[in-house]
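Student: Sharing upload-v3.tsv below, TSV, C-alpha atoms:
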```
chain	number	residue	atom	x	y	z
A	1	MET	CA	103.61	85.98	46.41
A	2	LYS	CA	105.91	86.53	43.43
A	3	LYS	CA	108.91	86.22	45.74
A	4	VAL	CA	107.50	82.98	47.15
A	5	ASN	CA	106.96	81.52	43.68
A	6	SER	CA	110.45	82.64	42.66
A	7	TYR	CA	112.09	80.74	45.53
A	8	ILE	CA	110.05	77.60	44.92
A	9	PHE	CA	110.70	77.69	41.16
A	10	LYS	CA	114.45	78.20	41.60
A	11	GLY	CA	114.62	75.53	44.28
A	12	THR	CA	112.72	73.03	42.15
A	13	LEU	CA	114.84	73.79	39.08
A	14	VAL	CA	118.16	73.41	40.90
A	15	THR	CA	116.88	70.30	42.69
A	16	ILE	CA	116.12	68.69	39.32
A	17	ILE	CA	119.64	69.55	38.16
A	18	GLY	CA	120.98	68.04	41.38
A	19	ILE	CA	118.98	64.85	40.85
A	20	PHE	CA	120.44	64.41	37.39
A	21	GLY	CA	123.90	64.98	38.85
A	22	SER	CA	123.35	62.64	41.77
A	23	ASP	CA	124.58	59.74	39.63
A	24	SER	CA	128.13	60.98	40.19
A	25	LEU	CA	127.59	60.90	43.95
A	26	LYS	CA	126.29	57.33	43.74
A	27	VAL	CA	129.36	56.29	41.74
A	28	TYR	CA	131.60	58.00	44.30
A	29	LEU	CA	129.96	56.20	47.23
A	30	LYS	CA	129.37	52.74	45.72
A	31	GLY	CA	131.78	52.48	42.81
A	32	ASN	CA	135.49	51.75	42.55
A	33	LYS	CA	138.37	54.05	41.85
A	34	THR	CA	141.48	53.91	39.71
A	35	ILE	CA	144.13	56.21	38.30
A	36	ALA	CA	143.38	58.00	35.02
A	37	THR	CA	146.00	59.62	32.79
A	38	VAL	CA	145.21	62.79	30.86
A	39	LYS	CA	145.76	62.10	27.16
A	40	PHE	CA	145.05	65.62	25.94
A	41	VAL	CA	143.00	68.73	26.60
A	42	ARG	CA	140.86	69.97	23.71
A	43	THR	CA	142.24	73.14	22.18
A	44	ASP	CA	138.80	74.76	22.24
A	45	LYS	CA	138.66	74.05	25.99
A	46	SER	CA	135.48	71.98	25.57
A	47	GLY	CA	136.79	68.87	27.30
A	48	THR	CA	139.57	66.76	28.76
A	49	VAL	CA	140.25	63.25	27.43
A	50	VAL	CA	141.56	60.71	29.92
A	51	GLU	CA	142.52	57.04	29.76
A	52	TYR	CA	142.17	54.50	32.56
A	53	ASN	CA	141.94	50.76	33.17
A	54	ALA	CA	138.91	49.48	35.06
A	55	GLU	CA	137.92	45.87	35.67
A	56	GLY	CA	140.43	44.78	33.04
A	57	LYS	CA	139.04	47.11	30.38
A	58	ASN	CA	140.93	50.05	28.88
A	59	VAL	CA	138.68	53.12	28.70
A	60	VAL	CA	139.25	56.38	26.84
A	61	LYS	CA	136.77	59.03	27.88
A	62	ASP	CA	136.10	62.73	27.36
A	63	LEU	CA	135.19	64.22	30.74
A	64	LYS	CA	133.53	67.25	29.10
A	65	ILE	CA	135.26	69.57	31.54
A	66	TYR	CA	138.14	72.03	31.36
A	67	ASP	CA	140.44	72.99	34.19
A	68	THR	CA	143.56	75.15	33.84
A	69	ALA	CA	145.29	72.93	36.43
A	70	ILE	CA	144.93	69.82	34.23
A	71	ARG	CA	147.86	69.09	31.93
A	72	PRO	CA	148.43	66.29	29.38
A	73	GLY	CA	150.24	63.38	31.03
A	74	SER	CA	149.08	64.26	34.55
A	75	GLU	CA	147.33	61.63	36.64
A	76	MET	CA	144.17	61.84	38.70
A	77	THR	CA	141.88	59.57	40.66
A	78	ILE	CA	138.71	58.64	38.82
A	79	TYR	CA	135.64	56.91	40.26
A	80	TYR	CA	133.73	54.50	38.04
A	81	ASP	CA	130.61	52.35	38.10
A	82	LYS	CA	131.48	48.67	38.61
A	83	ASN	CA	128.66	47.60	36.27
A	84	ASP	CA	129.52	50.08	33.54
A	85	VAL	CA	133.13	51.23	33.71
A	86	GLU	CA	132.55	53.99	31.17
A	87	ILE	CA	130.37	55.80	33.69
A	88	SER	CA	133.01	57.67	35.66
A	89	TYR	CA	133.75	60.99	37.32
A	90	ILE	CA	136.73	62.77	38.78
A	91	LYS	CA	136.50	64.32	42.24
A	92	SER	CA	135.94	67.89	41.04
A	93	GLN	CA	132.80	66.76	39.20
A	94	ILE	CA	131.53	65.02	42.31
A	95	VAL	CA	132.24	68.06	44.51
A	96	CYS	CA	130.43	70.28	42.01
A	97	CYS	CA	127.42	67.95	42.13
A	98	MET	CA	127.38	68.03	45.93
A	99	MET	CA	127.54	71.83	45.92
A	100	VAL	CA	124.62	72.08	43.48
A	101	MET	CA	122.54	69.69	45.55
A	102	SER	CA	123.34	71.61	48.77
A	103	ILE	CA	122.39	74.92	47.18
A	104	SER	CA	119.19	73.40	45.78
A	105	ILE	CA	118.17	72.16	49.22
A	106	VAL	CA	118.75	75.61	50.78
A	107	ILE	CA	116.81	77.40	48.03
A	108	PHE	CA	113.97	74.88	48.08
A	109	LEU	CA	113.64	75.01	51.88
A	110	SER	CA	113.65	78.81	51.71
A	111	GLY	CA	110.84	78.69	49.19
A	112	LEU	CA	108.94	76.20	51.33
A	113	TYR	CA	109.34	78.43	54.38
A	114	PHE	CA	108.06	81.48	52.51
A	115	PHE	CA	105.13	79.48	51.14
A	116	ILE	CA	104.10	78.20	54.60
A	117	ASP	CA	104.54	81.68	56.10
A	118	TYR	CA	102.50	83.24	53.28
A	119	SER	CA	99.73	80.65	53.70
A	120	LYS	CA	99.52	81.30	57.46
A	121	LYS	CA	99.36	85.06	56.95
A	122	ARG	CA	96.70	84.72	54.26
A	123	LYS	CA	94.51	82.57	56.53
A	124	GLU	CA	95.00	85.01	59.41
A	125	LYS	CA	94.11	87.90	57.10
A	126	GLU	CA	90.91	86.17	55.95
A	127	PHE	CA	89.98	85.36	59.54
A	128	LEU	CA	90.51	88.95	60.72
A	129	ILE	CA	88.58	90.46	57.82
A	130	GLU	CA	85.67	88.17	58.58
A	131	ASN	CA	85.73	88.29	62.39
A	132	GLY	CA	87.54	91.48	63.36
A	133	ARG	CA	86.33	95.03	63.59
A	134	ILE	CA	87.71	97.94	61.61
A	135	ILE	CA	89.47	100.78	63.35
A	136	LYS	CA	90.95	103.91	61.78
A	137	ALA	CA	94.59	103.99	62.85
A	138	ASN	CA	96.66	107.15	62.38
A	139	ILE	CA	99.54	106.74	59.96
A	140	VAL	CA	102.77	107.68	61.71
A	141	CYS	CA	105.30	106.91	59.00
A	142	VAL	CA	106.31	104.70	56.10
A	143	ARG	CA	109.42	102.65	56.78
A	144	SER	CA	111.79	100.98	54.36
A	145	LEU	CA	113.66	97.76	55.07
A	146	LYS	CA	117.05	98.99	53.90
A	147	PHE	CA	118.82	95.70	54.59
A	148	THR	CA	116.35	93.74	52.47
A	149	ARG	CA	116.48	93.94	48.69
A	150	PHE	CA	114.68	92.17	45.88
A	151	PHE	CA	115.55	93.08	42.29
A	152	LYS	CA	117.27	96.26	43.55
A	153	HIS	CA	114.18	97.43	45.45
A	154	HIS	CA	113.58	97.80	49.16
A	155	PRO	CA	110.19	96.82	50.60
A	156	PHE	CA	108.03	99.38	52.41
A	157	TYR	CA	105.54	99.06	55.24
A	158	VAL	CA	103.21	101.43	57.08
A	159	TYR	CA	103.42	102.04	60.80
A	160	ALA	CA	100.21	103.34	62.38
A	161	THR	CA	98.93	103.90	65.93
A	162	TYR	CA	95.53	103.84	67.62
A	163	LYS	CA	94.46	104.97	71.08
A	164	TYR	CA	91.94	102.74	72.85
A	165	GLU	CA	90.92	102.98	76.49
A	166	ASP	CA	93.96	105.10	77.41
A	167	ASP	CA	96.33	102.64	75.74
A	168	ASP	CA	98.29	103.29	72.56
A	169	TYR	CA	98.62	100.45	70.08
A	170	GLY	CA	101.05	100.24	67.17
A	171	PHE	CA	100.46	98.35	63.93
A	172	ASN	CA	102.84	97.37	61.14
A	173	SER	CA	101.46	96.59	57.72
A	174	GLU	CA	102.68	93.77	55.54
A	175	GLU	CA	105.59	94.58	53.26
A	176	THR	CA	105.11	95.82	49.72
A	177	PHE	CA	107.36	97.11	46.95
A	178	TYR	CA	105.01	99.99	46.14
A	179	ASP	CA	106.37	103.35	47.27
A	180	LEU	CA	103.75	103.92	49.96
A	181	TYR	CA	105.39	107.13	51.14
A	182	GLU	CA	104.76	108.89	47.83
A	183	ILE	CA	101.18	107.60	47.64
A	184	ILE	CA	100.33	108.71	51.18
A	185	LYS	CA	102.04	112.08	50.72
A	186	ASN	CA	100.48	112.90	47.35
A	187	LYS	CA	96.99	111.72	48.31
A	188	ARG	CA	97.26	113.23	51.81
A	189	ILE	CA	96.15	109.99	53.47
A	190	LYS	CA	96.03	110.30	57.26
A	191	THR	CA	94.56	106.97	58.41
A	192	VAL	CA	94.56	103.33	57.42
A	193	ASP	CA	91.97	100.62	58.09
A	194	VAL	CA	93.08	98.00	60.59
A	195	TYR	CA	91.15	94.81	61.30
A	196	VAL	CA	91.56	93.78	64.94
A	197	LEU	CA	90.02	91.27	67.29
A	198	GLU	CA	87.99	92.96	70.01
A	199	ASP	CA	89.73	91.13	72.84
A	200	ASP	CA	93.21	90.81	71.34
A	201	PHE	CA	94.78	93.79	69.56
A	202	SER	CA	97.96	91.77	68.97
A	203	ARG	CA	96.11	90.00	66.15
A	204	TYR	CA	95.50	92.51	63.41
A	205	TYR	CA	95.66	93.15	59.69
A	206	VAL	CA	96.56	96.54	58.21
A	207	ASP	CA	94.66	97.04	54.96
A	208	ILE	CA	97.12	98.86	52.70
A	209	ASP	CA	95.35	97.57	49.57
A	210	LYS	CA	93.03	100.58	49.72
A	211	ILE	CA	96.05	102.88	49.77
A	212	ILE	CA	97.70	101.12	46.84
A	213	SER	CA	94.43	101.30	44.87
A	214	LYS	CA	94.69	105.10	44.98
A	215	MET	CA	97.76	105.06	42.74
```
Here is the file; what I need is its structure written in the form of structure tokens.

Tutor:
Amino acid sequence: MKKVNSYIFKGTLVTIIGIFGSDSLKVYLKGNKTIATVKFVRTDKSGTVVEYNAEGKNVVKDLKIYDTAIRPGSEMTIYYDKNDVEISYIKSQIVCCMMVMSISIVIFLSGLYFFIDYSKKRKEKEFLIENGRIIKANIVCVRSLKFTRFFKHHPFYVYATYKYEDDDYGFNSEETFYDLYEIIKNKRIKTVDVYVLEDDFSRYYVDIDKIISKM
């Protein structure tokens, strides 16, 4: 759940930043444009001062940005608000805003997906614990998802099997960042509880909480 909360928090945070920056996108789409001349670049690299004429008014503005490609005397297109000509942005600021908003949408949707998936699995788990029966499945191995990392750690899951009416069934536990291999090896754990529906072994829940509690 920590991973879920992390995605949602990051997505919400970046979305808020994107909303504050969306004013530049609105100016780009609905405002006017003119040519601005770079008066000077601050020596401490904290900003770039430009001058432009908009709606008959001469405006001197610090863009609060620094770019090594910008030189005093160079010209650039600037987009301004028709109702307030001092509200203006150059294209690089607008592109940056669009990138932030795009990233925020991806992160937020990822968080939303994980939250929905987590909620479904939690409901299924509660249903199986309440309505399923417990079987003792034999632990075959502990596997690591080597292509998945979170804070430099790979998640683990238990793979177990159970023989029922001449059929062999395999069960994968949910992922965890606890080193299940070491726990199972040191505690010499051979089986794991699995909640299954009597008529549908494809719906199951592997209870690794009891294994983790032995740490």

Student: Write out as a PyMOL selection string each polymer residue whose atoms come within 10 Å of Thr176 in chain A, counting all atoms listed in the file; drop sequence neighbours fewer than 3 positions from it.

Tutor: chain A and resi 144+154-158+173+179-180+208-209+212

Student: Could you write out that same residue set with C-alpha atoms as a JSON list (two decimals), keeping the file's coordinate frame?

Tutor:
```json
[["chain", "number", "residue", "atom", "x", "y", "z"],
["A", 144, "SER", "CA", 111.79, 100.98, 54.36],
["A", 154, "HIS", "CA", 113.58, 97.80, 49.16],
["A", 155, "PRO", "CA", 110.19, 96.82, 50.60],
["A", 156, "PHE", "CA", 108.03, 99.38, 52.41],
["A", 157, "TYR", "CA", 105.54, 99.06, 55.24],
["A", 158, "VAL", "CA", 103.21, 101.43, 57.08],
["A", 173, "SER", "CA", 101.46, 96.59, 57.72],
["A", 179, "ASP", "CA", 106.37, 103.35, 47.27],
["A", 180, "LEU", "CA", 103.75, 103.92, 49.96],
["A", 208, "ILE", "CA", 97.12, 98.86, 52.70],
["A", 209, "ASP", "CA", 95.35, 97.57, 49.57],
["A", 212, "ILE", "CA", 97.70, 101.12, 46.84]]
```

Student: If you measure from CA of Lys91 in chain A to CA of Ser24 in chain A, what distance in Å do you get, rounded to one decimal?

Tutor: 9.2 Å

Student: Which is closest to Arg42 in chain A among A:Gly56, A:Gly132, A:Pro72, A:Gly170, if we use all atoms listed in the file?

Tutor: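 That would be A:Pro72, the residue with the smallest distance to Arg42 in chain A.
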
Student: Measuring between only C-alpha atoms, which one of A:Ile87, A:Asp167, A:Tyr205, A:Met99 shows the shortest distance to Ile135 in chain A?

Tutor: A:Tyr205

Student: Interatomic distance between CA of Val100 in chain A and CA of Asn32 in chain A?

Tutor: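 So the answer is 23.1 Å.
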
Student: Could you model N, CA and C atoms for range 134-148 of chain A and present them as a compact mmCIF listing (two decimals), in the frame of the given file?

Tutor:
```txt
# COMPACT_ATOMS: atom_id res chain seq x y z
N ILE A 134 86.84 96.97 62.27
CA ILE A 134 87.71 97.94 61.61
C ILE A 134 87.91 99.15 62.49
N ILE A 135 89.16 99.54 62.66
CA ILE A 135 89.47 100.78 63.35
C ILE A 135 90.28 101.66 62.40
N LYS A 136 90.19 102.97 62.59
CA LYS A 136 90.95 103.91 61.78
C LYS A 136 92.22 104.29 62.55
N ALA A 137 93.33 103.70 62.16
CA ALA A 137 94.59 103.99 62.85
C ALA A 137 95.30 105.14 62.14
N ASN A 138 95.95 105.99 62.93
CA ASN A 138 96.66 107.15 62.38
C ASN A 138 98.02 106.72 61.83
N ILE A 139 98.27 107.08 60.60
CA ILE A 139 99.54 106.74 59.96
C ILE A 139 100.65 107.61 60.55
N VAL A 140 101.65 106.97 61.11
CA VAL A 140 102.77 107.68 61.71
C VAL A 140 103.88 107.89 60.69
N CYS A 141 104.23 106.83 59.98
CA CYS A 141 105.30 106.91 59.00
C CYS A 141 105.28 105.70 58.06
N VAL A 142 106.07 105.82 57.01
CA VAL A 142 106.31 104.70 56.10
C VAL A 142 107.79 104.34 56.24
N ARG A 143 108.05 103.09 56.55
CA ARG A 143 109.42 102.65 56.78
C ARG A 143 109.90 101.76 55.64
N SER A 144 111.18 101.81 55.41
CA SER A 144 111.79 100.98 54.36
C SER A 144 112.77 100.01 55.01
N LEU A 145 112.72 98.76 54.57
CA LEU A 145 113.66 97.76 55.07
C LEU A 145 114.93 97.86 54.23
N LYS A 146 115.86 98.68 54.69
CA LYS A 146 117.05 98.99 53.90
C LYS A 146 118.01 97.82 53.77
N PHE A 147 117.91 96.85 54.67
CA PHE A 147 118.82 95.70 54.59
C PHE A 147 118.19 94.52 53.85
N THR A 148 117.01 94.77 53.27
CA THR A 148 116.35 93.74 52.47
C THR A 148 116.16 94.27 51.06
```
